[in-house]
2 protein chains.
Amino acid sequence: MSIVVVGSVAYDGVETPHGKVERMLGGACTYISLAASYFSKTKIVAVVGDDFADQDAKLLADHGIDLEGLERVPGKTFYWAGVYSKDMNDRTTLRTDLNVFADFKPKLPASYLQSPYLLLGNIQPSLQRSVRHQMNGVRLTGGDTMNYWIADYREELLKTISEWDFLLINDSEARMLSGEYNLKRAAARIFEMGPHSLVIKRGEYGAILFHRDWHFIVPGYLLEEVFDPTGAGDCFAGGFIGYLAEKGFDLQQGHIDAKELSRAVIYGSVMGSFCCEKFGVDRFRTLTREEIDARFKEFRDFTEF
Amino acid sequence: MSIVVVGSVAYDGVETPHGKVERMLGGACTYISLAASYFSKTKIVAVVGDDFADQDAKLLADHGIDLEGLERVPGKTFYWAGVYSKDMNDRTTLRTDLNVFADFKPKLPASYLQSPYLLLGNIQPSLQRSVRHQMNGVRLTGGDTMNYWIADYREELLKTISEWDFLLINDSEARMLSGEYNLKRAAARIFEMGPHSLVIKRGEYGAILFHRDWHFIVPGYLLEEVFDPTGAGDCFAGGFIGYLAEKGFDLQQGHIDAKELSRAVIYGSVMGSFCCEKFGVDRFRTLTREEIDARFKEFRDFTEF
């Protein structure tokens with residue numbers, strides 16, 4: 001079943017210990033939709049400038065991604081540049097030019113409104129809410145946020161996530177949002193805010209899924225080489241919602257299949273791990289569903305006892 | 001089958017965000033042997049001063065630990081004091097008084113020499129080697145080390161671990177020892193040094209076992225409250241070797257049961273998690289094997305998919 005994804009489509013400049021790329025396709029919506037596209041029909045809502053290259057639109061279209069909601073306006077596409085530390089655990093933003101993204105007002109095409117799955121990438125909480133309210137038949141809503149919105153737009157963010165089924169954030173964001181250092185207690189507090197599932201992304205250490213009174217933990221995949229971690233968290237989100245949509249999973253009907261939710265976390269982890277193997281979105285130019293399923297099996301091999 | 005454990009028996013002063021204890025039983029050998037004692041007969045080799053309290057010896061004896069190799073000499077027992085950071089991920093050593101430990105020359109009682117399992121706690125590499133050489137029938141040898149020995153006693157350490165089957169260290173030590181940041185490559189380099197198994201302890205993030213061309217990863221147990229992480233790594237080692245000894249596991253006969261080795265990592269993780277639940281060794285005053293097996297099952301529940 002189809003997924004609507006909203007967020008940024010951008011150009012990124014990235015420097016890691018493995019090299020430097022001045023300008024390449026990036027943005028949360030790009031990574032989420034590419035990852036999700038391996039599982040389910042994916043429809044994006046985003047804005048780009050008139051500098052947006054045909055070949056970049058083609059990469060998305062070649063993955064079967066619906067671009068009807070990709071608005072093109074005069075001006076420049078959102079640009080971000082950053083540099084990673086030697087161990088790639090820290091990154092410094094060198095430049096953020098919002099450009100056409102500054103006036104982004106997501107408008108959903110009529111053909112999107114009945115999609116049952118909605119993934120809200122990290123943008124201003126009020127925009128996330130407006131997308132949620134335009135949808136008619138949504139059965140599963142989740143999304144991402146960041147420290148900036150948690151600190152400075154707290155009330156708006158709380159209003160927004162109160163309508164979500166799941167929240168995907170990292171551990172420091174979960175601590176900041178909940179005011180609890182301990183992750184079990186952080187999850188309990190976040191459930192009081194609305195979501196009944198919380199996925200905590202821990203980078204190289206994997207992820208935790210909390211759902212009411214149980215949790216599932218997966219360690220991170222050990223890569224031989226991390227070329228560029230940009231977008232890995234978004235690819236996690238794409239794999240997670242992608243698998244749930246493929247299975248027609250529904251949190252709202254009272255029936256929770258814990259193992260299916262856990263497998264969605266594994267597929268999220270799989271997509272995040274592939275993302276790091278090349279610069280930017282490059283890994284998705286060749287990645288196949290067979291490789292994805294083989295890595296899913298690898299996760300089973302190195303965690304089963 | 002029985003295990004010989006060598007290392008420090010000490011008094012510790014510990015301060016964590018949950019409280020402060022001026023003086024309590026501690027030391028690597030203490031933690032390792034208490035944890036191992038739940039699985040197999042454990043015999044310790046260590047030295048204490050004439051201030052060593054009967055009640056502390058009694059705690060060890062009550063766990064069935066053989067104290068014949070616990071030397072008592074005039075003077076004071078090794079004393080260490082440290083304080084943990086608020087998130088407990090860092091600790092600062094306030095005081096290290098080697099006392100009688102400064103002249104420790106491990107001598108194994110005759111009744112220890114045929115033990116098939118040997119766990120060498122973190123002490124000077126040449127002392128670890130002397131213990132290894134006193135043993136006659138050892139079938140599985142492993143141990144711990146630390147940054148100090150890796151940096152300043154490298155040649156001696158390499159000679160020592162060349163005779164070991166497994167090495168249990170943390171990720172920064174593995175990187176330092178191997179000169180490789182990437183843990184897969186670090187493991188490959190460490191295998192060239194002798195051990196055919198490497199367990200990397202990652203604190204709250206769990207552990208990785210590397211064995212030749214495969215690996216196993218377990219995430220850390222989510223505790224509601226970490227009271228005192230002192231000794232958790234040593235308890236991991238105790239649970240790991242304890243389970244292998246209980247099963248009569250033998251790495252040297254060419255047959256490696258990957259699942260049994262993986263289960264030993266889980267039992268190590270279980271023992272490390274219990275250790276953090278109370279100050280010092282307090283959790284071991286009441287801990288039962290039933291609780292240990294129940295937590296092992298919990299690990300299965302939160303990692304299976």
# chains A, B, ... in the order shown; residues from 1 in each chain; ligands from 1
>>> interface_residues(of="chain A", to="chain B", cutoff="8 Å", atoms="only C-alpha atoms", output="list in words")
Asp87, Tyr181, Asn182, Leu183, Lys184, Arg185, Tyr205, Trp214, His215, Phe216, Ile217, Val218, Pro219, Leu222, Leu223, Glu224, Glu225, Lys259, Glu260, Ser262, Arg263, Arg300, Asp301, Phe302, Thr303, Glu304 and Phe305 of chain A
>>> residues_around(residues="range 103-108 of chain B", least_positions_apart="4", cutoff="12 Å", atoms="only C-alpha atoms", output="MDAnalysis selection string")
chainID B and resid 4:9 43:49 66:78 98:99 112:115 118 120 123:124 126:136
>>> write_last_selection(atoms="N, CA and C atoms", output="compact mmCIF listing (two decimals), in the first residue's frame")
# COMPACT_ATOMS: atom_id res chain seq x y z
N VAL B 4 40.21 -21.31 36.82
CA VAL B 4 41.13 -20.52 37.64
C VAL B 4 41.01 -19.06 37.20
N VAL B 5 40.84 -18.18 38.18
CA VAL B 5 40.72 -16.75 37.91
C VAL B 5 41.84 -16.02 38.66
N VAL B 6 42.57 -15.19 37.95
CA VAL B 6 43.60 -14.40 38.60
C VAL B 6 43.31 -12.91 38.39
N GLY B 7 43.65 -12.10 39.39
CA GLY B 7 43.42 -10.66 39.26
C GLY B 7 43.43 -10.01 40.63
N SER B 8 42.89 -8.82 40.69
CA SER B 8 42.92 -8.08 41.96
C SER B 8 41.71 -8.40 42.83
N VAL B 9 41.97 -8.52 44.12
CA VAL B 9 40.90 -8.46 45.12
C VAL B 9 41.19 -7.18 45.88
N LYS B 43 38.19 -21.01 41.18
CA LYS B 43 39.34 -20.99 42.09
C LYS B 43 40.10 -19.70 41.86
N ILE B 44 40.31 -18.93 42.90
CA ILE B 44 40.97 -17.64 42.67
C ILE B 44 42.43 -17.61 43.12
N VAL B 45 43.18 -16.77 42.40
CA VAL B 45 44.58 -16.50 42.72
C VAL B 45 44.69 -14.99 42.88
N ALA B 46 44.99 -14.54 44.10
CA ALA B 46 45.05 -13.10 44.36
C ALA B 46 45.77 -12.89 45.68
N VAL B 47 45.98 -11.62 46.00
CA VAL B 47 46.64 -11.31 47.27
C VAL B 47 45.84 -10.21 47.99
N VAL B 48 45.72 -10.37 49.32
CA VAL B 48 45.08 -9.34 50.14
C VAL B 48 45.96 -9.07 51.35
N GLY B 49 45.69 -7.96 52.01
CA GLY B 49 46.45 -7.61 53.21
C GLY B 49 45.79 -8.16 54.47
N ASP B 66 36.85 -21.29 45.59
CA ASP B 66 38.01 -21.87 46.25
C ASP B 66 39.01 -20.76 46.57
N LEU B 67 39.32 -20.59 47.86
CA LEU B 67 40.19 -19.49 48.30
C LEU B 67 41.61 -19.96 48.62
N GLU B 68 41.93 -21.18 48.25
CA GLU B 68 43.27 -21.68 48.59
C GLU B 68 44.36 -20.80 47.97
N GLY B 69 44.08 -20.24 46.82
CA GLY B 69 45.08 -19.39 46.16
C GLY B 69 44.97 -17.92 46.54
N LEU B 70 44.18 -17.60 47.55
CA LEU B 70 44.08 -16.21 48.02
C LEU B 70 45.12 -16.00 49.12
N GLU B 71 46.21 -15.40 48.74
CA GLU B 71 47.34 -15.18 49.66
C GLU B 71 47.02 -14.02 50.60
N ARG B 72 47.36 -14.18 51.86
CA ARG B 72 47.19 -13.08 52.81
C ARG B 72 48.56 -12.69 53.32
N VAL B 73 48.92 -11.44 53.16
CA VAL B 73 50.25 -10.98 53.59
C VAL B 73 50.11 -9.75 54.48
N PRO B 74 51.11 -9.45 55.27
CA PRO B 74 51.05 -8.26 56.12
C PRO B 74 50.94 -7.01 55.25
N GLY B 75 50.15 -6.05 55.70
CA GLY B 75 49.99 -4.81 54.94
C GLY B 75 48.53 -4.59 54.58
N LYS B 76 48.33 -3.61 53.70
CA LYS B 76 46.96 -3.24 53.34
C LYS B 76 46.56 -3.81 51.98
N THR B 77 45.28 -4.11 51.85
CA THR B 77 44.71 -4.58 50.59
C THR B 77 44.68 -3.42 49.58
N PHE B 78 44.86 -3.76 48.32
CA PHE B 78 44.75 -2.81 47.20
C PHE B 78 43.49 -1.94 47.39
N LEU B 98 48.26 0.67 45.49
CA LEU B 98 48.50 -0.75 45.17
C LEU B 98 48.67 -1.59 46.44
N ASN B 99 49.34 -1.00 47.44
CA ASN B 99 49.58 -1.71 48.71
C ASN B 99 50.18 -3.09 48.47
N TYR B 112 45.14 -26.42 41.79
CA TYR B 112 44.62 -25.58 40.70
C TYR B 112 45.17 -26.00 39.33
N LEU B 113 46.29 -26.71 39.35
CA LEU B 113 47.10 -26.83 38.13
C LEU B 113 46.43 -27.57 36.98
N GLN B 114 45.48 -28.43 37.31
CA GLN B 114 44.81 -29.22 36.27
C GLN B 114 43.51 -28.58 35.78
N SER B 115 43.16 -27.41 36.30
CA SER B 115 41.90 -26.78 35.85
C SER B 115 41.95 -26.53 34.34
N LEU B 118 40.98 -21.02 32.22
CA LEU B 118 41.80 -19.99 32.87
C LEU B 118 41.36 -18.60 32.39
N LEU B 120 42.34 -14.68 32.92
CA LEU B 120 43.36 -13.78 33.43
C LEU B 120 42.82 -12.36 33.48
N ILE B 123 45.87 -7.57 34.84
CA ILE B 123 47.07 -7.27 35.63
C ILE B 123 48.26 -7.22 34.66
N GLN B 124 49.43 -6.98 35.18
CA GLN B 124 50.64 -6.89 34.35
C GLN B 124 50.78 -8.13 33.46
N SER B 126 53.16 -9.84 32.21
CA SER B 126 54.13 -10.89 32.57
C SER B 126 53.56 -11.78 33.70
N LEU B 127 52.77 -11.20 34.58
CA LEU B 127 52.15 -12.01 35.64
C LEU B 127 51.08 -12.93 35.04
N GLN B 128 50.34 -12.40 34.08
CA GLN B 128 49.35 -13.24 33.40
C GLN B 128 50.05 -14.43 32.76
N ARG B 129 51.21 -14.15 32.14
CA ARG B 129 51.92 -15.22 31.46
C ARG B 129 52.44 -16.25 32.45
N SER B 130 52.93 -15.78 33.59
CA SER B 130 53.48 -16.73 34.58
C SER B 130 52.39 -17.67 35.09
N VAL B 131 51.18 -17.17 35.20
CA VAL B 131 50.08 -18.04 35.64
C VAL B 131 49.78 -19.09 34.57
N ARG B 132 49.69 -18.62 33.36
CA ARG B 132 49.44 -19.53 32.22
C ARG B 132 50.47 -20.66 32.18
N HIS B 133 51.72 -20.31 32.47
CA HIS B 133 52.80 -21.30 32.39
C HIS B 133 52.83 -22.27 33.56
N GLN B 134 52.20 -21.89 34.65
CA GLN B 134 52.13 -22.81 35.80
C GLN B 134 51.08 -23.90 35.59
N MET B 135 50.11 -23.62 34.75
CA MET B 135 48.99 -24.56 34.55
C MET B 135 49.46 -25.73 33.67
N ASN B 136 48.89 -26.92 33.95
CA ASN B 136 49.27 -28.09 33.17
C ASN B 136 48.24 -28.51 32.13
>>> residues_around(residues="range 35-37 of chain B", least_positions_apart="5", cutoff="12 Å", atoms="only C-alpha atoms", output="JSON, numbers by chain")
{"B": [1, 2, 3, 4, 5, 28, 29, 30, 42, 43, 44, 59, 60, 61, 62, 63, 64, 65, 66, 117, 118, 119, 231, 232, 233, 234, 235, 236, 237, 238, 239, 240, 241, 242, 243, 244, 245, 246, 264, 267, 268, 269, 270, 271, 272, 273, 274, 275, 281, 283, 284, 285, 287, 288, 289, 292]}
>>> residues_around(residues="Ile169 in chain A", least_positions_apart="6", cutoff="8 Å", atoms="only C-alpha atoms", output="number ranges by chain")
A: 144-146, 198-201
>>> closest_residue(among="B:Gly13, B:Pro229, B:Pro125, B:Gly19", to="Tyr79 in chain B", atoms="only C-alpha atoms")
B:Gly13
>>> select_by_dssp(residues="range 49-291 of chain A", states="strand (DSSP E)", output="ChimeraX atom specification")
/A:66-72,79-84,91-97,117-120,140-143,166-170,197-201,207-211,214-218
>>> residues_around(residues="Pro17 in chain B", least_positions_apart="3", cutoff="9 Å", atoms="only C-alpha atoms", output="compact mmCIF listing (two decimals) with C-alpha atoms, in the first residue's frame")
# COMPACT_ATOMS: atom_id res chain seq x y z
CA LYS B 20 28.73 7.04 47.62
CA VAL B 83 33.81 8.92 40.76
CA TYR B 84 31.41 8.50 37.84
CA SER B 85 30.05 11.25 35.60
CA LYS B 86 26.36 12.07 35.69
CA ASP B 87 25.57 9.83 32.72
CA MET B 88 28.01 7.21 34.11
CA PHE B 227 23.43 2.22 40.30
CA ASP B 228 27.10 1.43 39.88
>>> atom_distance(atom1="CA of Val138 in chain A", atom2="CA of Ala187 in chain A")
24.1 Å
>>> decode(residues="range 211-247 of chain A", atoms="N, CA, C and O atoms", output="PDB file, in the first residue's frame")
ATOM      1  N   HIS A 211       7.350  -0.303  22.298  1.00  0.00           N
ATOM      2  CA  HIS A 211       5.915  -0.273  22.028  1.00  0.00           C
ATOM      3  C   HIS A 211       5.202  -0.673  23.304  1.00  0.00           C
ATOM      4  O   HIS A 211       5.313  -1.816  23.743  1.00  0.00           O
ATOM      5  N   ARG A 212       4.518   0.289  23.892  1.00  0.00           N
ATOM      6  CA  ARG A 212       3.853   0.073  25.179  1.00  0.00           C
ATOM      7  C   ARG A 212       4.752  -0.666  26.160  1.00  0.00           C
ATOM      8  O   ARG A 212       5.796  -0.143  26.523  1.00  0.00           O
ATOM      9  N   ASP A 213       4.420  -1.904  26.545  1.00  0.00           N
ATOM     10  CA  ASP A 213       5.178  -2.553  27.624  1.00  0.00           C
ATOM     11  C   ASP A 213       6.284  -3.491  27.133  1.00  0.00           C
ATOM     12  O   ASP A 213       6.861  -4.226  27.923  1.00  0.00           O
ATOM     13  N   TRP A 214       6.570  -3.490  25.835  1.00  0.00           N
ATOM     14  CA  TRP A 214       7.698  -4.319  25.381  1.00  0.00           C
ATOM     15  C   TRP A 214       8.654  -3.487  24.528  1.00  0.00           C
ATOM     16  O   TRP A 214       8.326  -2.389  24.094  1.00  0.00           O
ATOM     17  N   HIS A 215       9.822  -4.049  24.324  1.00  0.00           N
ATOM     18  CA  HIS A 215      10.774  -3.386  23.447  1.00  0.00           C
ATOM     19  C   HIS A 215      11.596  -4.416  22.694  1.00  0.00           C
ATOM     20  O   HIS A 215      11.660  -5.590  23.073  1.00  0.00           O
ATOM     21  N   PHE A 216      12.193  -3.945  21.626  1.00  0.00           N
ATOM     22  CA  PHE A 216      13.025  -4.774  20.759  1.00  0.00           C
ATOM     23  C   PHE A 216      14.306  -3.982  20.491  1.00  0.00           C
ATOM     24  O   PHE A 216      14.246  -2.783  20.265  1.00  0.00           O
ATOM     25  N   ILE A 217      15.437  -4.656  20.542  1.00  0.00           N
ATOM     26  CA  ILE A 217      16.702  -3.946  20.307  1.00  0.00           C
ATOM     27  C   ILE A 217      17.495  -4.665  19.228  1.00  0.00           C
ATOM     28  O   ILE A 217      17.614  -5.891  19.257  1.00  0.00           O
ATOM     29  N   VAL A 218      17.995  -3.902  18.297  1.00  0.00           N
ATOM     30  CA  VAL A 218      18.879  -4.485  17.281  1.00  0.00           C
ATOM     31  C   VAL A 218      20.203  -3.727  17.300  1.00  0.00           C
ATOM     32  O   VAL A 218      20.223  -2.501  17.377  1.00  0.00           O
ATOM     33  N   PRO A 219      21.312  -4.472  17.272  1.00  0.00           N
ATOM     34  CA  PRO A 219      22.611  -3.785  17.183  1.00  0.00           C
ATOM     35  C   PRO A 219      22.827  -3.270  15.771  1.00  0.00           C
ATOM     36  O   PRO A 219      22.130  -3.676  14.841  1.00  0.00           O
ATOM     37  N   GLY A 220      23.786  -2.388  15.602  1.00  0.00           N
ATOM     38  CA  GLY A 220      24.106  -1.870  14.269  1.00  0.00           C
ATOM     39  C   GLY A 220      24.874  -2.890  13.440  1.00  0.00           C
ATOM     40  O   GLY A 220      25.577  -3.740  13.987  1.00  0.00           O
ATOM     41  N   TYR A 221      24.701  -2.785  12.136  1.00  0.00           N
ATOM     42  CA  TYR A 221      25.430  -3.647  11.199  1.00  0.00           C
ATOM     43  C   TYR A 221      26.887  -3.188  11.154  1.00  0.00           C
ATOM     44  O   TYR A 221      27.166  -1.993  11.099  1.00  0.00           O
ATOM     45  N   LEU A 222      27.808  -4.135  11.191  1.00  0.00           N
ATOM     46  CA  LEU A 222      29.232  -3.764  11.146  1.00  0.00           C
ATOM     47  C   LEU A 222      29.687  -3.635   9.705  1.00  0.00           C
ATOM     48  O   LEU A 222      29.839  -4.629   9.000  1.00  0.00           O
ATOM     49  N   LEU A 223      29.887  -2.419   9.279  1.00  0.00           N
ATOM     50  CA  LEU A 223      30.372  -2.188   7.921  1.00  0.00           C
ATOM     51  C   LEU A 223      31.883  -2.251   7.887  1.00  0.00           C
ATOM     52  O   LEU A 223      32.554  -1.851   8.844  1.00  0.00           O
ATOM     53  N   GLU A 224      32.430  -2.718   6.773  1.00  0.00           N
ATOM     54  CA  GLU A 224      33.884  -2.697   6.592  1.00  0.00           C
ATOM     55  C   GLU A 224      34.349  -1.244   6.473  1.00  0.00           C
ATOM     56  O   GLU A 224      35.436  -0.887   6.904  1.00  0.00           O
ATOM     57  N   GLU A 225      33.507  -0.443   5.885  1.00  0.00           N
ATOM     58  CA  GLU A 225      33.880   0.941   5.598  1.00  0.00           C
ATOM     59  C   GLU A 225      32.609   1.783   5.611  1.00  0.00           C
ATOM     60  O   GLU A 225      31.639   1.430   4.960  1.00  0.00           O
ATOM     61  N   VAL A 226      32.633   2.883   6.361  1.00  0.00           N
ATOM     62  CA  VAL A 226      31.523   3.839   6.313  1.00  0.00           C
ATOM     63  C   VAL A 226      32.009   5.005   5.459  1.00  0.00           C
ATOM     64  O   VAL A 226      32.891   5.751   5.868  1.00  0.00           O
ATOM     65  N   PHE A 227      31.435   5.130   4.269  1.00  0.00           N
ATOM     66  CA  PHE A 227      31.893   6.210   3.390  1.00  0.00           C
ATOM     67  C   PHE A 227      31.252   7.535   3.733  1.00  0.00           C
ATOM     68  O   PHE A 227      31.899   8.569   3.768  1.00  0.00           O
ATOM     69  N   ASP A 228      29.931   7.486   3.986  1.00  0.00           N
ATOM     70  CA  ASP A 228      29.207   8.727   4.208  1.00  0.00           C
ATOM     71  C   ASP A 228      27.914   8.393   4.938  1.00  0.00           C
ATOM     72  O   ASP A 228      27.010   7.791   4.364  1.00  0.00           O
ATOM     73  N   PRO A 229      27.819   8.780   6.214  1.00  0.00           N
ATOM     74  CA  PRO A 229      26.619   8.450   6.989  1.00  0.00           C
ATOM     75  C   PRO A 229      25.427   9.364   6.705  1.00  0.00           C
ATOM     76  O   PRO A 229      24.344   9.131   7.247  1.00  0.00           O
ATOM     77  N   THR A 230      25.595  10.375   5.860  1.00  0.00           N
ATOM     78  CA  THR A 230      24.492  11.304   5.576  1.00  0.00           C
ATOM     79  C   THR A 230      23.281  10.524   5.071  1.00  0.00           C
ATOM     80  O   THR A 230      23.394   9.727   4.141  1.00  0.00           O
ATOM     81  N   GLY A 231      22.131  10.774   5.689  1.00  0.00           N
ATOM     82  CA  GLY A 231      20.898  10.149   5.208  1.00  0.00           C
ATOM     83  C   GLY A 231      20.613   8.785   5.806  1.00  0.00           C
ATOM     84  O   GLY A 231      19.531   8.226   5.570  1.00  0.00           O
ATOM     85  N   ALA A 232      21.527   8.252   6.602  1.00  0.00           N
ATOM     86  CA  ALA A 232      21.317   6.890   7.120  1.00  0.00           C
ATOM     87  C   ALA A 232      20.058   6.808   7.998  1.00  0.00           C
ATOM     88  O   ALA A 232      19.286   5.848   7.904  1.00  0.00           O
ATOM     89  N   GLY A 233      19.850   7.829   8.839  1.00  0.00           N
ATOM     90  CA  GLY A 233      18.665   7.837   9.703  1.00  0.00           C
ATOM     91  C   GLY A 233      17.388   7.927   8.874  1.00  0.00           C
ATOM     92  O   GLY A 233      16.363   7.319   9.211  1.00  0.00           O
ATOM     93  N   ASP A 234      17.424   8.703   7.793  1.00  0.00           N
ATOM     94  CA  ASP A 234      16.253   8.815   6.920  1.00  0.00           C
ATOM     95  C   ASP A 234      16.001   7.506   6.173  1.00  0.00           C
ATOM     96  O   ASP A 234      14.851   7.104   5.975  1.00  0.00           O
ATOM     97  N   CYS A 235      17.077   6.855   5.747  1.00  0.00           N
ATOM     98  CA  CYS A 235      16.901   5.560   5.075  1.00  0.00           C
ATOM     99  C   CYS A 235      16.325   4.532   6.052  1.00  0.00           C
ATOM    100  O   CYS A 235      15.533   3.672   5.663  1.00  0.00           O
ATOM    101  N   PHE A 236      16.733   4.640   7.318  1.00  0.00           N
ATOM    102  CA  PHE A 236      16.134   3.784   8.345  1.00  0.00           C
ATOM    103  C   PHE A 236      14.614   3.996   8.350  1.00  0.00           C
ATOM    104  O   PHE A 236      13.837   3.041   8.285  1.00  0.00           O
ATOM    105  N   ALA A 237      14.205   5.253   8.404  1.00  0.00           N
ATOM    106  CA  ALA A 237      12.771   5.573   8.430  1.00  0.00           C
ATOM    107  C   ALA A 237      12.066   5.028   7.192  1.00  0.00           C
ATOM    108  O   ALA A 237      10.969   4.468   7.274  1.00  0.00           O
ATOM    109  N   GLY A 238      12.730   5.160   6.024  1.00  0.00           N
ATOM    110  CA  GLY A 238      12.141   4.673   4.776  1.00  0.00           C
ATOM    111  C   GLY A 238      11.964   3.160   4.768  1.00  0.00           C
ATOM    112  O   GLY A 238      10.933   2.641   4.340  1.00  0.00           O
ATOM    113  N   GLY A 239      12.983   2.450   5.237  1.00  0.00           N
ATOM    114  CA  GLY A 239      12.887   0.991   5.295  1.00  0.00           C
ATOM    115  C   GLY A 239      11.824   0.544   6.293  1.00  0.00           C
ATOM    116  O   GLY A 239      11.078  -0.411   6.052  1.00  0.00           O
ATOM    117  N   PHE A 240      11.736   1.263   7.401  1.00  0.00           N
ATOM    118  CA  PHE A 240      10.784   0.926   8.465  1.00  0.00           C
ATOM    119  C   PHE A 240       9.342   1.069   7.958  1.00  0.00           C
ATOM    120  O   PHE A 240       8.559   0.117   7.995  1.00  0.00           O
ATOM    121  N   ILE A 241       9.000   2.247   7.455  1.00  0.00           N
ATOM    122  CA  ILE A 241       7.620   2.448   6.988  1.00  0.00           C
ATOM    123  C   ILE A 241       7.373   1.650   5.707  1.00  0.00           C
ATOM    124  O   ILE A 241       6.261   1.131   5.490  1.00  0.00           O
ATOM    125  N   GLY A 242       8.414   1.515   4.885  1.00  0.00           N
ATOM    126  CA  GLY A 242       8.271   0.768   3.635  1.00  0.00           C
ATOM    127  C   GLY A 242       7.827  -0.662   3.899  1.00  0.00           C
ATOM    128  O   GLY A 242       6.878  -1.166   3.284  1.00  0.00           O
ATOM    129  N   TYR A 243       8.496  -1.317   4.842  1.00  0.00           N
ATOM    130  CA  TYR A 243       8.153  -2.704   5.147  1.00  0.00           C
ATOM    131  C   TYR A 243       6.747  -2.802   5.741  1.00  0.00           C
ATOM    132  O   TYR A 243       5.967  -3.697   5.391  1.00  0.00           O
ATOM    133  N   LEU A 244       6.407  -1.866   6.643  1.00  0.00           N
ATOM    134  CA  LEU A 244       5.066  -1.899   7.244  1.00  0.00           C
ATOM    135  C   LEU A 244       3.990  -1.713   6.172  1.00  0.00           C
ATOM    136  O   LEU A 244       2.945  -2.378   6.207  1.00  0.00           O
ATOM    137  N   ALA A 245       4.258  -0.824   5.219  1.00  0.00           N
ATOM    138  CA  ALA A 245       3.285  -0.589   4.145  1.00  0.00           C
ATOM    139  C   ALA A 245       3.188  -1.805   3.231  1.00  0.00           C
ATOM    140  O   ALA A 245       2.097  -2.188   2.793  1.00  0.00           O
ATOM    141  N   GLU A 246       4.308  -2.420   2.950  1.00  0.00           N
ATOM    142  CA  GLU A 246       4.312  -3.629   2.107  1.00  0.00           C
ATOM    143  C   GLU A 246       3.447  -4.712   2.727  1.00  0.00           C
ATOM    144  O   GLU A 246       2.710  -5.432   2.048  1.00  0.00           O
ATOM    145  N   LYS A 247       3.535  -4.824   4.058  1.00  0.00           N
ATOM    146  CA  LYS A 247       2.773  -5.847   4.779  1.00  0.00           C
ATOM    147  C   LYS A 247       1.344  -5.420   5.073  1.00  0.00           C
ATOM    148  O   LYS A 247       0.563  -6.193   5.604  1.00  0.00           O
TER     149      LYS A 247
END
